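Input: a single structure, listed below in structure tokens.
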Amino acid sequence: MTVFQISTITLLVLSFGIFSLSFGRIVRIISLAKPRNRFRDFLKRAFVFNEHVLLHKKMFRQFVPGLLHFIIFWGFVILTAGTMEWMYYGITGGQHFHFLGHTGYAAFSFAEDLFNFLVFLAVAAAFYRRIVIKPKRMADNSFKSKADAYFILSLIWGLVITNLLTHSISIHNGTDEFAAYQPIAAALAQIWPQGPVSENVYLFFWWAHLAIVLGFLNFLPYSKHFHVIVAAPNVWFSKLEPRGQLSFPNLEDETITKFGAEKVNDLSWKNLLDSYACTECGRCNEFCPTTTTGKELRPKTLMINLRAAVTEQAPISLALNGKVADEAALAKMSPEQRACYEKELVPGTFSDQFIWDCTTCGACVEACPVLIDHVDAIVDMRRALVLNKGSNPEEATTAFRNFETVSNPWGFNESTRQEWLTEKGVPHYEADQNFEFLYYIGCAGSFDDRNKKVVDSVVKILQSANVKFGILGKEEKCNGETVRRMGNEYLGQQMMKANKETLEKYKVSKILTSCPHCFNTLKNEYPEIGGSWEVIHHSEYINELIAAGRIKPDGGKMKNVTYHDSCYIGRYNKIYDEPREIIEAVTKEKPIEMERSKEKGFCCGAGGGRMWMEEKTGTRINVNRAEEVIASKAETVCVACPFCMTMVTDGLKSKAREDIKVRDISEIVAEALP
Amino acid sequence: MKKVLILAEHKKGSLKKASLELTGASKGMEVSAIVFGSDAKAAADDLAAKGVQNVFWVKDAKFDHYHPEAYAAAMDQVVSQVKPNIILGNASSLGKDLIAKMAARLDAPLAADCTEATIQPDIKLRRPFFSGKAVGTIEFEPAELVCITVRPNSLAPGEVSSTAGKVNELAVNFDFASSAVQFVGKTEGSSDKPDLTEAAIIVSGGRSMKTKENFKILNELADVLGAAVGASRAAVDEGLASHDMQVGQTGKTVNPKLYIANGISGAIQHLAGMRTSKVIVAINKDAAAPLFQKADYGIVGDLFVIVPLLTKEFKKLLGKA
Amino acid sequence: MALKIGVLLKHVPDTNSRIQLKGEMIDETDIKYVINPYDEFAIEEAIKTKDLWVKGGEQVEIVGICLGPTAAQKSLRDAFAVGVDRGIHILDNDKKAIDARSVSQALAKVCAEEKFNLIFAGKQAVDTDAHAVAQMVAERLKMPHIAVVSKCEWTGATSAKVERDIEGGMKEIYTVKMPALLTANKGLNKMRLASLPGIRAASKKEIKEVPLPEVKAGYKVKGWSLPPERGKVKLIEGEPEKQAAELVRLLHEEAKVV
């Protein structure tokens with residue numbers, strides 16, 4: 001064995017040894033966290049992995065950075081094979097992967113050469129983007145984060161440059177029989193002076209390359225670029241349930257006495273993995289309504305601070321081996337350790353404002369290329385506040401009280417729910433009378449005069465298509481969507497159960513809703529407690545009626561209509577096209593699209609219970625949206641959600657643009673009916 | 001003939017109008033009255049002039065401020081002297097508290113906060129229940145003595161008789177020093193306006209107020225009416241009013257007898273906070289404003305013209321011009 | 001020595017309830033009952049006071065006392081959920097105690113047995129709105145009271161400085177020595193919502209049910225009437241001067257609110 005071989009092996013053993021210690025430590029930290037079952041459904045996970053890791057689906061929404069990352073990612077995969085050969089070369093004292101056969105090794109050499117070049121270019125472009133273009137989404141990154149990024153980019157550059165240079169020397173010296181398959185390295189070989197390049201120069205670049213590889217490896221666990229290692233597993237273990245489905249914690253088990261995420265050690269291993277997978281690209285912030293309007297909550301900050309909290313607490317968690325500290329363990333801690341162990345996520349890591357700002361619109365979740373679940377983490381922290389401490393913004397108390405006593409947010413008397421519809425002669429749903437579906441009106445349509453008009457339009461449409469439907473009248477209850485997103489899981493579960501009982505009593509098998517929040521929860525969350533029925537939103541159903549020719553709107557009288565996507569039918573349930581098709585049927589033209597639409601739709605500001613809380617910081621979300629509506633030059637903005645209706649209307653009023661009409665999509669159809 | 005003892009109140013010496021409603025209700029009866037405070041001479045004289053036969057004036061300056069035990073001791077002395085059949089007071093801060101205390105001390109029936117009250121020849125009382133959502137007719141169980149408080153502005157002011165009575169200075173045996181309660185002081189309200197949630201009348205402004213300064217016209221109207229000033233969420237969001245003035249879902253829930261909404265469209269968030277107001281007035285340029293559907297009275301017009309005119313008219317009505 | 005705080009609670013119709021008549025009586029079908037809202041401030045103040053005293057090394061117990069039908073136990077349970085320690089339910093299914101006199105008699109009797117160091121109550125119940133029961137209980141117990149308190153600050157082990165709200169936004173300030181009774185106004189504190197552990201613990205706390213003592217009612221309600229439902233809006237037309245004058249006239253003469 002040569003000195004060269006021994007040196008290589010020693011270096012490799014040391015590097016991988018150190019790496020496995022630091023990597024293993026993080027794996028242990030993650031594995032000690034609270035359980036979450038993300039192991040079943042291999043095929044579905046493989047599919048998601050393919051889509052989001054191998055194909056970079058979300059990354060390509062921003063084409064240039066997407067492509068750069070795609071090249072660097074695949075470069076990494078290919079070059080890792082190259083690196084293995086590198087190590088093989090060192091261990092064996094000069095052997096190549098020639099066992100691949102001539103063709104195989106030729107292809108291998110070509111791929112390595114090509115990706116060395118592509119990655120070189122991609123890294124150069126990335127430097128250019130960061131230094132010259134300065135993308136806004138990364139502008140707020142800390143100095144450490146930026147330094148980290150430049151360092152990593154430099155390392156990658158170093159990797160490909162040393163790789164190319166090493167190969168170019170072999171080619172120059174005529175010792176590489178596969179030179180023909182390495183056009184880039186071959187071209188580069190021209191730079192060397194006449195005559196053979198000294199072996200020491202070759203070895204310098206050879207060792208430099210290996211050192212960079214191993215340095216890179218050992219730097220990762222201490223960097224946000226640990227992303228490189230955990231992003232793929234994070235995608236693999238991502239949530240497969242409908243995105244609009246909150247977890248359904250067991251509140252009946254009396255042995256559980258703490259709920260939600262109160263402290264770091266209440267977080268699930270997936271929350272931790274999320275925080276390690278985040279590389280602070282800031283896509284989550286871009287369409288985030290609170291970030292955009294200058295509020296404290298920024299989803300990227302959520303992940304960064306979560307990771308910091310996890311890191312801070314790691315030594316204690318590891319020492320406790322994931323167990324809850326008993327008195328003896330507490331006594332052994334230093335005051336600082338104890339303070340750290342007992343620190344609560346709110347207010348220790350995040351302020352109340354931060355956690356309560358969220359509208360649960362899901363723009364961050366939608367944007368995140370590695371499928372991080374910000375909203376679920378926030379709701380879990382809200383649960384801890386509400387369930388463990390009875391702590392919530394003051395205005396939320398009013399809403400909770402009203403939901404609890406009269407099952408609607410405004411405090412209207414329950415017995416007057418849908419009185420106006422009953423008086424109009426809309427029949428009560430009965431199991432045995434061949435109703436096509438139950439029309440679940442929701443609180444807004446039951447009580448709010450503006451939204452009653454929307455329901456009225458839907459009723460008119462249904463009647464003109466001769467659809468037989470019924471309502472629940474005062475037996476309908478709020479379905480619990482809002483209070484659950486406000487962290488009041490206990491009240492929410494009670495409401496869900498009560499409502500489910502009524503729906504089952506009438507053997508409901510199909511439900512039409514007008515409110516996207518009712519829609520999402522009935523469709524995606526009630527199955528968790530055994531609710532089994534089909535749910536459709538009126539935008540889907542009206543579109544079906546038009547397509548089937550059962551209603552014939554007299555189109556073309558209305559022009560210049562834009563559509564404001566509701567988060568809960570849009571992003572959460574992918575109903576993007578139906579409302580647009582309805583608009584097209586009525587206007588005979590495509591709707592005007594605002595910049596922030598569909599997946600990038602901008603929340604009205606009312607989701608996640610924000611409707612019942614004050615927006616005290618930053619600028620107003622609905623005004624921000626109204627400005628976009630105004631800029632679109634639309635004469636009418638269509639909505640499909642009672643909350644959006646209120647918020648967008650108020651936003652336009654605030655800009656003194658009451659001339660722009662706000663209409664539910666059902667209203668423009670009803671108006672166009674003969 | 002039934003004997004009445006009136007708990008009279010004054011403000012800086014002048015008898016309150018509400019007390020005159022009590023003398024009016026006791027017309028022709030045998031009436032005594034008690035009034036507290038070293039500065040109450042004019043009020044005591046006024047009561048005597050209104051035909052109250054025996055006015056007991058607690059002149060001692062220690063009684064210038066309300067002290068439940070001390071005032072009750074004074075009442076005790078008067079009760080044992082005049083042996084009334086009815087103790088009558090206003091449903092004011094003082095009356096509600098002191099007469100309740102006396103009712104317990106004397107174990108007498110109490111009908112508090114009556115809005116309709118006749119005490120002769122028979123006692124006929126009606127009082128609101130459930131924040132005014134129902135009104136009940138009260139019938140006392142047979143008793144030697146009953147206690148009644150009447151909401152101000154419920155009865156016509158008047159005199160007991162044209163024959164003037166006399167004022168007696170009342171010395172009260174009460175040991176302030178050994179009492180568990182000590183009066184420390186009194187704050188003048190941070191504003192002279194009542195608290196929004198407790199106000200009987202609210203004048204409220206919406207986005208159409210346009211500027212913070214414009215709220216001045218609402219303040220002027222409120223001052224005349226003794227009302228509180230509120231605002232809609234839109235007005236607060238636009239920075240026209242402070243958040244503690246906000247009425248609605250995420251602000252305060254109010255329940256006044258009169259709510260005057262100026263330039264407020266009447267979205268559900270606002271209705272959630274004020275829909276139980278007894279009488280709602282909507283003033284708005286926009287005839288389509290939904291609040292008109294919920295209001296009792298409406299004026300479609302420019303609030304900047306209407307509100308100052310209202311202030312002028314109310315001044316005339318309330319004799320404050 | 002252990003300290004005992006009493007809280008007087010009433011089970012009342014939620015203020016959102018629609019009050020309707022069924023024959024001569026109040027129709028209770030659609031009425032939802034809750035803890036009297038002002039009593040919630042009393043509960044919160046009791047809990048805050050307890051926390052303060054416990055920090056000072058005292059043993060403190062909060063006892064909720066509620067007079068009402070069987071269903072009224074819900075209000076005691078709700079009070080338990082936020083931190084009241086145990087309850088006494090004076091059972092009155094026959095509605096014998098219906099006015100301030102009879103209710104205060106019954107409450108005072110129970111309070112006398114408990115020998116409270118401090119009693120909190122709401123300033124009024126939102127059903128009968130008498131604004132009297134708590135003061136009457138205090139008087140029957142020969143306990144000093146301050147009503148309509150919006151600020152309570154403990155200045156010593158047994159004495160507090162309290163502010164009482166009176167007309168015109170003014171406040172009267174007193175010092176009070178225990179034992180005493182204080183009635184709570186809005187603004188005294190921010191009430192808390194029950195935590196889930198609190199809700200669970202509530203079902204295990206003790207409610208002692210006691211029969212209604214001998215009481216004498218002061219009055220009965222002989223017939224109810226409801227205010228007229230809000231009709232259609234009366235729009236006032238004409239020149240602004242005329243409109244303003246007419247509105248003032250209507251508010252004064254027709255609506256009688258000014």
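Chain labels run A, B, ... following the order of the structure tokens; each chain numbers its residues from 1, and ligands are numbered from 1 in the order shown.
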
Each chain A residue no farther than 8 Å from chain C, nearest pair in Å, only C-alpha atoms, as a Markdown table:
```
| residue | atom | partner | partner_atom | distance |
| --- | --- | --- | --- | --- |
| A:Thr257 | CA | C:Pro197 | CA | 6.3 |
| A:Lys258 | CA | C:Pro197 | CA | 7.8 |
| A:Val386 | CA | C:Ser195 | CA | 6.5 |
| A:Leu387 | CA | C:Ser195 | CA | 4.8 |
| A:Asn388 | CA | C:Ser195 | CA | 5.1 |
| A:Lys389 | CA | C:Ser195 | CA | 5.2 |
| A:Gly390 | CA | C:Ser195 | CA | 4.6 |
| A:Ser391 | CA | C:Leu193 | CA | 7.1 |
| A:Thr397 | CA | C:Leu193 | CA | 7.2 |
| A:Thr405 | CA | C:Lys32 | CA | 6.9 |
| A:Val406 | CA | C:Lys32 | CA | 7.9 |
| A:Gly411 | CA | C:Asn16 | CA | 6.0 |
| A:Phe412 | CA | C:Asn16 | CA | 6.2 |
| A:Asn413 | CA | C:Asn16 | CA | 5.6 |
| A:Glu414 | CA | C:Asp30 | CA | 7.9 |
| A:Ser415 | CA | C:Asp30 | CA | 6.4 |
| A:Tyr490 | CA | C:Leu196 | CA | 7.2 |
```

Store the residues picked out above in a file with C-alpha atoms, as a short mmCIF file (atom, residue, chain, number, x, y, z; two decimals), in the first residue's frame.
```
data_model
loop_
_atom_site.label_atom_id
_atom_site.label_comp_id
_atom_site.auth_asym_id
_atom_site.auth_seq_id
_atom_site.Cartn_x
_atom_site.Cartn_y
_atom_site.Cartn_z
CA THR A 257 -52.71 16.62 29.45
CA LYS A 258 -50.81 18.91 27.09
CA VAL A 386 -55.78 28.04 23.42
CA LEU A 387 -56.10 24.55 24.84
CA ASN A 388 -53.40 24.64 27.48
CA LYS A 389 -53.68 28.21 28.61
CA GLY A 390 -56.91 29.71 27.33
CA SER A 391 -54.77 32.37 25.68
CA THR A 397 -62.83 35.39 22.69
CA THR A 405 -73.36 29.44 22.41
CA VAL A 406 -75.12 30.13 19.13
CA GLY A 411 -73.84 36.02 17.94
CA PHE A 412 -77.12 35.90 16.07
CA ASN A 413 -79.78 33.85 17.73
CA GLU A 414 -79.54 30.26 16.57
CA SER A 415 -83.24 29.91 16.13
CA TYR A 490 -61.88 21.29 21.70
#
```

(message) When you look at region 38-40 of chain B with a cut-off of 12 Å (counting only C-alpha atoms), what residues show up, excluding the ones that are within fewer than 2 positions of it in the same chain? I need them as JSON, numbers by chain.
(response) {"B": [8, 9, 10, 11, 12, 13, 14, 15, 16, 34, 35, 36, 42, 43, 44, 45, 46, 47, 55, 56, 57, 58, 59, 60, 61, 62, 63, 64, 65, 167, 169, 170, 171]}

(message) Report as an MDAnalysis selection string all protein, DNA and RNA residues lying within 7 Å of region 226-234 of chain B, evaluated on only C-alpha atoms, omitting residues in the same chain fewer than 2 positions from it.
(response) chainID B and resid 193:196 199:207 218:219 222:224 236:238 241 245:247 264 270

(request) Pull out every residue of chain A that has at least one atom within 6 Å of chain B, counting only C-alpha atoms, and report them as a list in words. (result) Glu395, Trp410, Asp448 and Met613 of chain A

Store the residues picked out above, limited to all heavy atoms, as a CSV table (one decimal), in the first residue's frame.
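Written file, out_35.csv:
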```
chain,number,residue,atom,x,y,z
A,395,GLU,N,-60.2,39.7,20.8
A,395,GLU,CA,-61.4,39.7,19.9
A,395,GLU,C,-61.8,38.2,19.6
A,395,GLU,O,-63.0,38.0,19.4
A,395,GLU,CB,-61.1,40.4,18.6
A,395,GLU,CG,-60.3,41.6,18.6
A,395,GLU,CD,-58.8,41.4,18.5
A,395,GLU,OE1,-58.3,41.0,17.4
A,395,GLU,OE2,-58.1,41.5,19.5
A,410,TRP,N,-71.2,35.8,14.7
A,410,TRP,CA,-71.7,37.2,15.1
A,410,TRP,C,-72.6,37.2,16.3
A,410,TRP,O,-73.0,38.3,16.8
A,410,TRP,CB,-72.4,37.8,13.9
A,410,TRP,CG,-71.6,37.8,12.7
A,410,TRP,CD1,-70.6,38.7,12.4
A,410,TRP,CD2,-71.7,37.0,11.5
A,410,TRP,NE1,-70.1,38.5,11.2
A,410,TRP,CE2,-70.7,37.4,10.6
A,410,TRP,CE3,-72.5,35.9,11.2
A,410,TRP,CZ2,-70.5,36.8,9.4
A,410,TRP,CZ3,-72.2,35.2,10.0
A,410,TRP,CH2,-71.3,35.7,9.1
A,448,ASP,N,-75.8,37.0,7.1
A,448,ASP,CA,-75.2,38.3,6.6
A,448,ASP,C,-76.0,38.7,5.4
A,448,ASP,O,-76.1,38.0,4.4
A,448,ASP,CB,-73.7,38.1,6.3
A,448,ASP,CG,-73.2,39.3,5.6
A,448,ASP,OD1,-73.7,40.4,5.7
A,448,ASP,OD2,-72.2,39.2,4.8
A,613,MET,N,-60.6,38.7,14.1
A,613,MET,CA,-59.6,39.4,14.8
A,613,MET,C,-59.2,40.7,14.2
A,613,MET,O,-59.5,41.0,13.0
A,613,MET,CB,-58.3,38.5,14.9
A,613,MET,CG,-58.6,37.2,15.7
A,613,MET,SD,-57.1,36.2,15.8
A,613,MET,CE,-57.6,34.8,14.9
```

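We find CA of Ala288 (chain B) and CA of Gly263 (chain B) to be spaced 11.8 Å apart.
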
(request) List the neighbours of Tyr541 (chain A) out to 10 Å using only C-alpha atoms; skip same-chain residues closer than 6 positions along the sequence, and give me the result as a VMD selection string. (result) chain A and resid 458 462 512 to 513 547 578 to 579

(request) Write out as a list in words the residues lying within 9 Å of Leu9 (chain C), counting only C-alpha atoms and excluding same-chain residues fewer than 4 positions away. (result) Ile35, Asn36, Asp39, Glu40, Ala42, Ile43, Gly64, Ile65, Cys66, Leu67, Ser75, Leu76, Ala79, Ala121, Gly122 and Ala125 of chain C
